[in-house]
$ cat target_6.txt   # compact mmCIF, C-alpha atoms and all ligand atoms
# COMPACT_ATOMS: atom_id res chain seq x y z
CA MET A 1 8.38 258.48 129.76
CA ARG A 2 11.29 256.11 130.27
CA MET A 3 11.91 253.88 133.25
CA GLN A 4 14.92 254.90 135.33
CA ASN A 5 15.79 251.26 135.99
CA ALA A 6 14.92 249.96 132.49
CA GLU A 7 18.30 248.30 131.97
CA THR A 8 18.10 246.26 135.15
CA VAL A 9 15.78 243.87 133.30
CA THR A 10 17.15 240.32 132.94
CA PHE A 11 19.41 240.11 129.83
CA GLY A 12 19.89 243.90 129.94
CA GLY A 13 22.77 246.09 131.01
CA GLY A 14 25.60 243.54 130.75
CA GLY A 15 27.86 246.27 129.47
CA ILE A 16 30.29 244.16 127.41
CA ASP A 17 32.33 245.91 124.71
CA ARG A 18 31.29 244.02 121.57
CA ALA A 19 34.37 245.41 119.76
CA ALA A 20 32.69 244.97 116.38
CA HIS A 21 35.63 246.55 114.57
CA LEU A 22 37.76 243.51 115.47
CA ARG A 23 35.41 240.97 113.84
CA ASP A 24 36.77 241.60 110.38
CA THR A 25 40.37 242.53 111.11
CA PRO A 26 42.62 239.92 109.41
CA GLY A 27 44.36 237.67 111.91
CA LYS A 28 42.81 239.43 114.88
CA ILE A 29 40.33 236.71 115.90
CA ALA A 30 43.07 234.04 115.98
CA GLN A 31 45.16 236.40 118.09
CA LEU A 32 42.28 237.00 120.52
CA ARG A 33 41.60 233.27 120.84
CA ALA A 34 45.24 232.73 121.78
CA HIS A 35 45.12 235.46 124.43
CA PRO A 36 45.99 233.98 127.87
CA TYR A 37 42.79 235.39 129.45
CA SER A 38 40.51 234.40 126.58
CA ARG A 39 37.44 232.43 127.74
CA ALA A 40 34.84 230.33 125.96
CA LEU A 41 31.18 229.65 126.64
CA ALA A 42 29.90 226.32 125.31
CA LEU A 43 26.24 225.91 124.31
CA TRP A 44 24.56 222.63 123.57
CA ARG A 45 21.29 222.81 121.60
CA GLY A 46 20.61 226.28 122.97
CA LYS A 47 21.52 225.44 126.57
CA PRO A 48 24.50 227.36 128.00
CA LEU A 49 27.08 225.69 130.21
CA TYR A 50 26.20 226.54 133.80
CA ASP A 51 28.10 226.11 137.06
CA GLU A 52 25.56 224.96 139.65
CA THR A 53 27.95 225.56 142.53
CA GLY A 54 28.70 229.16 141.64
CA GLY A 55 25.29 230.02 140.17
CA CYS A 56 27.01 231.46 137.09
CA LEU A 57 28.01 230.53 133.57
CA ALA A 58 30.91 228.09 133.28
CA TRP A 59 33.58 229.74 131.12
CA LEU A 60 36.22 227.36 129.75
CA ALA A 61 39.78 227.83 128.54
CA HIS A 62 40.12 227.71 124.76
CA ASP A 63 41.99 224.43 124.75
CA HIS A 64 39.31 222.54 126.71
CA PRO A 65 38.56 219.25 124.88
CA VAL A 66 34.77 219.80 125.10
CA LEU A 67 35.14 222.63 122.59
CA CYS A 68 36.51 220.23 119.97
CA GLU A 69 32.92 219.04 119.40
CA SER A 70 32.04 222.40 117.83
CA SER A 71 30.96 222.08 114.21
CA ILE A 72 30.91 225.76 113.28
CA PRO A 73 33.50 228.46 113.98
CA PRO A 74 33.20 230.12 117.40
CA VAL A 75 31.47 233.47 117.77
CA PHE A 76 33.45 236.42 119.10
CA LEU A 77 31.24 237.93 121.82
CA GLY A 78 33.46 240.87 122.72
CA LEU A 79 35.85 242.14 125.37
CA ASP A 80 35.12 242.06 129.08
CA GLN A 81 37.62 244.50 130.61
CA GLY A 82 40.07 243.52 127.90
CA LYS A 83 39.40 239.78 128.26
CA PRO A 84 38.24 238.22 124.94
CA LEU A 85 35.04 236.14 125.21
CA PHE A 86 33.91 233.57 122.65
CA ALA A 87 31.01 231.13 122.31
CA PHE A 88 31.13 227.60 120.87
CA ASP A 89 28.16 225.57 119.66
CA ILE A 90 28.72 221.89 120.52
CA SER A 91 25.21 220.74 119.60
CA GLU A 92 26.57 217.70 117.76
CA TRP A 93 27.48 216.08 121.05
CA HIS A 94 24.99 213.32 121.84
CA ASP A 95 23.68 213.09 125.41
CA PRO A 96 22.17 209.64 125.89
CA GLN A 97 20.29 210.92 128.96
CA ALA A 98 18.65 213.86 127.16
CA ASP A 99 14.96 214.52 127.62
CA ALA A 100 14.12 215.03 123.96
CA GLU A 101 10.47 215.83 124.62
CA HIS A 102 11.13 218.91 126.73
CA LEU A 103 14.39 220.10 125.18
CA ASN A 104 14.25 223.86 124.56
CA SER A 105 10.81 224.26 126.07
CA PHE A 106 10.28 226.43 129.12
CA ALA A 107 9.35 223.26 130.97
CA ASP A 108 12.84 221.84 130.43
CA SER A 109 14.29 221.61 133.92
CA SER A 110 16.71 218.86 132.96
CA ARG A 111 20.47 219.30 133.15
CA ASN A 112 22.82 217.72 130.61
CA HIS A 113 26.21 216.62 131.85
CA HIS A 114 29.17 216.15 129.53
CA PRO A 115 31.54 213.43 130.81
CA LEU A 116 34.63 215.64 130.35
CA LEU A 117 33.29 218.24 132.80
CA PRO A 118 32.91 218.31 136.61
CA ASN A 119 29.59 217.04 137.95
CA SER A 120 28.41 220.51 138.99
CA VAL A 121 28.92 221.93 135.48
CA VAL A 122 25.93 221.22 133.23
CA PHE A 123 24.01 222.47 130.22
CA ALA A 124 20.88 224.19 131.55
CA GLU A 125 17.81 225.68 129.86
CA LEU A 126 18.43 229.42 129.90
CA ARG A 127 14.97 230.32 131.24
CA ALA A 128 15.57 228.03 134.21
CA VAL A 129 18.73 229.92 135.28
CA MET A 130 18.37 233.38 133.72
CA ALA A 131 17.38 235.14 136.93
CA LEU A 132 20.43 233.73 138.74
CA LEU A 133 23.04 235.06 136.31
CA SER A 134 25.02 238.30 136.56
CA PRO A 135 24.05 240.92 133.95
CA LEU A 136 27.26 240.19 132.00
CA ASP A 137 26.68 236.42 131.98
CA ALA A 138 23.00 236.82 131.08
CA GLU A 139 23.82 239.09 128.16
CA GLN A 140 26.50 236.71 126.86
CA ALA A 141 24.22 233.67 127.12
CA ALA A 142 21.41 235.50 125.31
CA THR A 143 23.75 236.74 122.59
CA ALA A 144 25.31 233.33 121.98
CA LYS A 145 21.99 231.48 122.07
CA GLY A 146 20.39 233.92 119.64
CA LEU A 147 23.31 233.78 117.22
CA PHE A 148 23.56 229.98 117.21
CA ALA A 149 19.81 229.61 116.67
CA TRP A 150 20.15 231.91 113.66
CA HIS A 151 23.11 229.95 112.25
CA ALA A 152 21.22 226.68 112.72
CA THR A 153 18.27 227.85 110.61
CA HIS A 154 19.95 230.13 108.06
CA GLY A 155 22.50 227.87 106.38
CA PHE A 156 21.37 228.67 102.85
CA CYS A 157 21.24 231.91 100.92
CA ALA A 158 17.76 233.42 100.99
CA ARG A 159 18.42 234.94 97.57
CA CYS A 160 19.85 232.01 95.53
CA GLY A 161 19.67 228.92 97.76
CA VAL A 162 23.38 228.09 97.87
CA ALA A 163 24.97 227.06 101.19
CA THR A 164 26.45 230.11 102.95
CA THR A 165 29.60 230.38 105.07
CA VAL A 166 30.13 231.99 108.47
CA SER A 167 32.02 235.28 108.34
CA LYS A 168 32.84 238.27 110.56
CA ALA A 169 33.60 236.11 113.60
CA GLY A 170 30.11 234.62 113.60
CA TRP A 171 28.12 237.84 113.00
CA GLN A 172 27.41 237.35 109.31
CA ARG A 173 26.84 234.64 106.71
CA SER A 174 28.12 235.17 103.19
CA CYS A 175 26.99 233.57 99.95
CA PRO A 176 29.84 232.34 97.73
CA ALA A 177 27.60 232.24 94.64
CA CYS A 178 25.80 235.60 94.56
CA ASN A 179 27.85 237.51 97.18
CA ALA A 180 24.77 238.30 99.28
CA GLN A 181 25.51 239.07 102.92
CA HIS A 182 23.10 237.87 105.59
CA PHE A 183 22.91 239.29 109.11
CA PRO A 184 21.47 237.84 112.34
CA ARG A 185 17.82 238.72 112.68
CA THR A 186 15.92 240.07 115.63
CA ASP A 187 12.13 239.91 115.66
CA PRO A 188 10.47 242.78 117.57
CA VAL A 189 7.60 241.87 119.87
CA VAL A 190 5.48 244.40 121.74
CA ILE A 191 4.45 243.49 125.28
CA MET A 192 2.16 245.89 127.05
CA LEU A 193 1.10 246.87 130.51
CA ILE A 194 -2.43 248.01 129.72
CA THR A 195 -4.07 249.73 132.64
CA HIS A 196 -7.40 251.34 133.43
CA GLY A 197 -7.32 253.15 136.75
CA ASN A 198 -6.32 250.64 139.37
CA GLN A 199 -6.49 247.58 137.10
CA VAL A 200 -4.13 245.82 134.70
CA LEU A 201 -5.17 243.72 131.69
CA LEU A 202 -3.89 240.12 131.62
CA GLY A 203 -4.41 237.27 129.22
CA ARG A 204 -3.52 233.63 128.80
CA SER A 205 -2.76 231.61 125.68
CA HIS A 206 -4.17 228.19 124.89
CA GLY A 207 -2.16 225.38 126.43
CA TRP A 208 -0.56 227.41 129.23
CA PRO A 209 -0.42 225.76 132.67
CA ASP A 210 -3.53 226.32 134.82
CA GLY A 211 -3.60 229.70 136.55
CA MET A 212 -0.89 231.23 134.34
CA TYR A 213 -1.65 234.74 133.06
CA SER A 214 0.64 237.41 131.64
CA LEU A 215 0.68 240.76 129.89
CA LEU A 216 -0.59 240.74 126.32
CA ALA A 217 2.11 240.53 123.65
CA GLY A 218 2.47 240.08 119.93
CA PHE A 219 4.84 240.31 116.98
CA MET A 220 5.14 243.62 115.21
CA GLU A 221 4.23 243.66 111.53
CA PRO A 222 6.07 245.35 108.65
CA GLY A 223 5.08 249.00 108.27
CA GLU A 224 3.95 249.37 111.88
CA THR A 225 5.12 251.68 114.66
CA VAL A 226 5.50 250.31 118.19
CA GLU A 227 2.45 252.33 119.26
CA ALA A 228 0.33 250.99 116.40
CA ALA A 229 1.36 247.40 117.17
CA VAL A 230 0.36 247.81 120.83
CA ARG A 231 -3.06 249.17 119.91
CA ARG A 232 -3.65 246.55 117.19
CA GLU A 233 -2.68 243.55 119.33
CA VAL A 234 -4.81 244.63 122.30
CA HIS A 235 -7.77 245.38 120.08
CA GLU A 236 -7.45 242.11 118.12
CA GLU A 237 -7.19 239.96 121.22
CA THR A 238 -9.63 241.68 123.60
CA GLY A 239 -11.56 244.31 121.61
CA ILE A 240 -10.30 247.02 123.97
CA PRO A 241 -9.32 250.40 122.45
CA VAL A 242 -6.04 251.83 123.76
CA GLY A 243 -5.26 255.55 124.00
CA PRO A 244 -1.79 256.89 124.92
CA VAL A 245 1.11 254.42 124.56
CA SER A 246 4.61 254.95 125.90
CA TYR A 247 7.87 252.99 125.87
CA LEU A 248 9.10 251.54 129.17
CA ALA A 249 11.94 249.04 128.69
CA SER A 250 13.17 246.36 126.30
CA GLN A 251 14.51 242.86 126.75
CA PRO A 252 16.47 240.59 124.40
CA TRP A 253 14.54 237.31 124.46
CA PRO A 254 16.48 234.62 122.56
CA PHE A 255 13.65 232.04 122.36
CA PRO A 256 14.61 232.04 119.58
CA SER A 257 15.21 235.61 118.39
CA SER A 258 12.83 238.16 119.88
CA LEU A 259 13.33 241.64 121.23
CA MET A 260 10.57 242.36 123.72
CA ILE A 261 9.54 246.02 123.63
CA GLY A 262 7.79 246.80 126.89
CA CYS A 263 5.17 249.55 126.71
CA ALA A 264 2.52 251.13 128.88
CA GLY A 265 -0.91 251.82 127.42
CA THR A 266 -4.09 253.35 128.77
CA ALA A 267 -7.31 251.51 128.00
CA LEU A 268 -10.19 253.75 126.93
CA THR A 269 -12.86 251.22 127.94
CA THR A 270 -12.89 247.98 129.94
CA GLY A 271 -15.40 245.70 128.19
CA ILE A 272 -13.57 242.59 126.95
CA CYS A 273 -14.56 240.94 123.66
CA LEU A 274 -12.23 237.94 123.55
CA ASP A 275 -10.79 236.51 120.33
CA PRO A 276 -11.01 232.80 121.23
CA VAL A 277 -8.48 231.85 118.54
CA GLU A 278 -5.77 234.13 119.94
CA LEU A 279 -6.45 233.81 123.65
CA ASP A 280 -7.92 231.31 126.08
CA ASP A 281 -8.93 234.06 128.52
CA ALA A 282 -8.37 237.73 129.38
CA LYS A 283 -9.33 239.66 132.48
CA TRP A 284 -8.79 242.83 134.48
CA VAL A 285 -6.90 242.36 137.74
CA SER A 286 -6.79 244.95 140.52
CA ARG A 287 -3.51 246.20 141.96
CA GLU A 288 -4.32 244.46 145.25
CA ASP A 289 -5.03 241.09 143.61
CA MET A 290 -1.91 241.45 141.46
CA ALA A 291 0.26 242.10 144.53
CA GLU A 292 -1.18 238.99 146.16
CA THR A 293 -0.50 236.98 143.00
CA GLN A 294 3.09 238.18 142.66
CA SER A 295 3.79 237.19 146.24
CA GLY A 296 2.52 233.69 145.43
CA HIS A 297 -0.50 233.92 147.72
CA ASN A 298 -3.28 233.84 145.15
CA PRO A 299 -4.50 230.25 144.66
CA ALA A 300 -6.35 231.25 141.47
CA MET A 301 -3.39 232.72 139.61
CA LYS A 302 0.33 231.98 139.29
CA PRO A 303 2.90 234.81 139.52
CA ALA A 304 4.75 235.83 136.35
CA ARG A 305 8.10 234.09 135.90
CA ILE A 306 11.00 235.96 137.52
CA GLY A 307 13.34 237.18 134.79
CA SER A 308 10.61 237.80 132.22
CA ILE A 309 9.88 241.39 131.20
CA ALA A 310 6.22 240.77 132.10
CA GLN A 311 7.20 240.13 135.72
CA PHE A 312 9.59 243.12 135.59
CA LEU A 313 6.90 245.52 134.36
CA ILE A 314 4.24 244.23 136.74
CA HIS A 315 6.67 244.48 139.65
CA ASN A 316 7.53 248.08 138.76
CA TRP A 317 3.85 248.96 138.30
CA LEU A 318 3.09 247.62 141.76
CA SER A 319 6.10 249.45 143.20
CA ASP A 320 5.16 252.68 141.43
CA THR A 321 8.59 252.80 139.74
CA LEU A 322 7.57 252.91 136.07
CA GLY A 323 8.71 256.54 135.72
ZN ZN B 401 23.31 233.59 97.19
$ encode --input "target_6.txt" --output "structure tokens" --more "lines below"
Ligand SMILES: [Zn+2]
Amino acid sequence: MRMQNAETVTFGGGGIDRAAHLRDTPGKIAQLRAHPYSRALALWRGKPLYDETGGCLAWLAHDHPVLCESSIPPVFLGLDQGKPLFAFDISEWHDPQADAEHLNSFADSSRNHHPLLPNSVVFAELRAVMALLSPLDAEQAATAKGLFAWHATHGFCARCGVATTVSKAGWQRSCPACNAQHFPRTDPVVIMLITHGNQVLLGRSHGWPDGMYSLLAGFMEPGETVEAAVRREVHEETGIPVGPVSYLASQPWPFPSSLMIGCAGTALTTGICLDPVELDDAKWVSREDMAETQSGHNPAMKPARIGSIAQFLIHNWLSDTLG
């Protein structure tokens, strides 16, 4: 089974041509940057530049002075109908107004304004604006955020410890001492719509806001299939055995580097034996109660965040459009 509308998930289906063959062509990146239609996306500490008036990303010309604050070479994102797109990390800029406590948390609703930009153009937490972006913009923001998070935490060779350099237009790091090549990592996470008849299984982690529940999810382990990871996570967290498992849809989730693999699974029994270390609570919710929750009319439970694959899968389950 595969969802017909799987690629309409937020961060999916942007359709850019990544033009990977150009990343390593000598002189080509400089030529693309000089292209008259070339555009640049600036990110500051993981927050993309967002145009509040247009409800879209704010793409800058390559000679915009804000981009001079970039400390690493720009990343070549690809070609949008022949137009070269790049991303610049300007995290070294200091915003005296920044809310350091909430920066890069999903509770970060603050906007950061650079003095060289118009008032309506701000750095915004991606989860706060993701559902407003076009598929192309959302894919570019996710790609750039994921790549810059990787660069920020992988500056040294994992084999010999020497500082590495950025290569292949931002898509690789190379070690000058041992010649090891390092590639951006993606961490697969399974997230599962576990059902039993008319009910869906939801859980909540410790520390989540009151009333917030979501689909169960967990990181895959080495040596595991997607199906095995789904069954293991559900059994570990709730004690429930899962029978048939099928793939539904996937979502790049750059917080910081996950790929969410959305699956459907059929529970064989319904008795919950909670692992109190992993989860704060888990429960079965009927289709009717879930519909009420998603419409925001259930005082006991908050709806899943729009733009998350959990919300996407629950919405499609309620609409009977998983097939
Ligand atoms: Zn090395």
$ residues_around --input "target_6.txt" --residues "Ala141 (chain A)" --least-positions-apart "4" --cutoff "9 Å" --atoms "only C-alpha atoms" --output "list in words"
Phe11, Leu41, Leu43, Lys47, Pro48, Leu57, Ala87, Leu126, Met130, Leu136, Asp137, Lys145 and Gly146 of chain A
$ closest_residue --input "target_6.txt" --among "A:Met220, A:Cys273, A:Cys263, A:Leu67" --to "Leu117 (chain A)" --atoms "all atoms listed in the file"
A:Leu67
$ closest_residue --input "target_6.txt" --among "A:Leu79, A:Cys160, A:Val245, A:Ile272" --to "ligand ZN 401 (chain B)" --atoms "all atoms listed in the file"
A:Cys160
$ residues_near_ligand --input "target_6.txt" --ligand "ligand ZN 401 (chain B)" --cutoff "8 Å" --atoms "all atoms listed in the file" --output "list in words"
Phe156, Cys157, Ala158, Arg159, Cys160, Gly161, Val162, Ala163, Thr164, Ser174, Cys175, Pro176, Ala177, Cys178, Asn179 and Ala180 of chain A
$ closest_residue --input "target_6.txt" --among "A:Gly211, A:Ile72, A:Asp17, A:Ala61" --to "Gly296 (chain A)" --atoms "all atoms listed in the file"
A:Gly211
$ closest_residue --input "target_6.txt" --among "A:Ser258, A:Ser167, A:Ser38, A:Thr225" --to "Gln81 (chain A)" --atoms "all atoms listed in the file"
A:Ser38
$ residues_around --input "target_6.txt" --residues "His35 (chain A)" --least-positions-apart "2" --cutoff "12 Å" --atoms "all atoms listed in the file" --output "ChimeraX atom specification"
/A:28-33,37-40,61-63,79,82-86
$ residues_near_point --input "target_6.txt" --point "(12.1, 247.7, 131.4)" --cutoff "7 Å" --atoms "only C-alpha atoms" --output "ChimeraX atom specification"
/A:3,5-7,9,248-250,262,309,312-313
$ write_last_selection --input "target_6.txt" --atoms "C-alpha atoms" --output "mmCIF file, keeping the file's coordinate frame"
data_model
loop_
_atom_site.group_PDB
_atom_site.id
_atom_site.type_symbol
_atom_site.label_atom_id
_atom_site.label_comp_id
_atom_site.auth_asym_id
_atom_site.auth_seq_id
_atom_site.Cartn_x
_atom_site.Cartn_y
_atom_site.Cartn_z
ATOM 1 C CA MET A 3 11.910 253.880 133.250
ATOM 2 C CA ASN A 5 15.790 251.260 135.990
ATOM 3 C CA ALA A 6 14.920 249.960 132.490
ATOM 4 C CA GLU A 7 18.300 248.300 131.970
ATOM 5 C CA VAL A 9 15.780 243.870 133.300
ATOM 6 C CA LEU A 248 9.100 251.540 129.170
ATOM 7 C CA ALA A 249 11.940 249.040 128.690
ATOM 8 C CA SER A 250 13.170 246.360 126.300
ATOM 9 C CA GLY A 262 7.790 246.800 126.890
ATOM 10 C CA ILE A 309 9.880 241.390 131.200
ATOM 11 C CA PHE A 312 9.590 243.120 135.590
ATOM 12 C CA LEU A 313 6.900 245.520 134.360
#
$ closest_residue --input "target_6.txt" --among "A:Ile90, A:Val121, A:Ala100, A:Ala300" --to "Asp210 (chain A)" --atoms "all atoms listed in the file"
A:Ala300
$ closest_residue --input "target_6.txt" --among "A:Leu279, A:Val66, A:Leu49, A:Ala98" --to "Trp208 (chain A)" --atoms "all atoms listed in the file"
A:Leu279
$ residues_near_point --input "target_6.txt" --point "(-7.8, 235.9, 120.4)" --cutoff "7 Å" --atoms "all atoms listed in the file" --output "JSON, numbers by chain"
{"A": [236, 237, 238, 274, 275, 276, 277, 278, 279]}
$ atom_distance --input "target_6.txt" --atom1 "CA of Arg18 (chain A)" --atom2 "CA of Ala138 (chain A)"
14.5 Å
$ atom_distance --input "target_6.txt" --atom1 "CA of Gly15 (chain A)" --atom2 "CA of Cys56 (chain A)"
16.7 Å
$ residues_around --input "target_6.txt" --residues "Asp187 (chain A)" --least-positions-apart "3" --cutoff "10 Å" --atoms "all atoms listed in the file" --output "PyMOL selection string"
chain A and resi 219-221+252-254+256-260
$ atom_distance --input "target_6.txt" --atom1 "CA of Leu318 (chain A)" --atom2 "CA of Ala228 (chain A)"
25.7 Å
$ residues_around --input "target_6.txt" --residues "Gln97 (chain A)" --least-positions-apart "4" --cutoff "12 Å" --atoms "only C-alpha atoms" --output "list in words"
Trp93, Glu101, Leu103, Ser110, Arg111, Asn112, His113, His114 and Pro115 of chain A
$ residues_around --input "target_6.txt" --residues "Ser91 (chain A)" --least-positions-apart "3" --cutoff "9 Å" --atoms "all atoms listed in the file" --output "PyMOL selection string"
chain A and resi 43-46+69-71+94
$ write_last_selection --input "target_6.txt" --atoms "C-alpha atoms" --output "PDB file, in the frame of the given file"
ATOM      1  CA  LEU A  43      26.240 225.910 124.310  1.00  0.00           C
ATOM      2  CA  TRP A  44      24.560 222.630 123.570  1.00  0.00           C
ATOM      3  CA  ARG A  45      21.290 222.810 121.600  1.00  0.00           C
ATOM      4  CA  GLY A  46      20.610 226.280 122.970  1.00  0.00           C
ATOM      5  CA  GLU A  69      32.920 219.040 119.400  1.00  0.00           C
ATOM      6  CA  SER A  70      32.040 222.400 117.830  1.00  0.00           C
ATOM      7  CA  SER A  71      30.960 222.080 114.210  1.00  0.00           C
ATOM      8  CA  HIS A  94      24.990 213.320 121.840  1.00  0.00           C
TER       9      HIS A  94
END
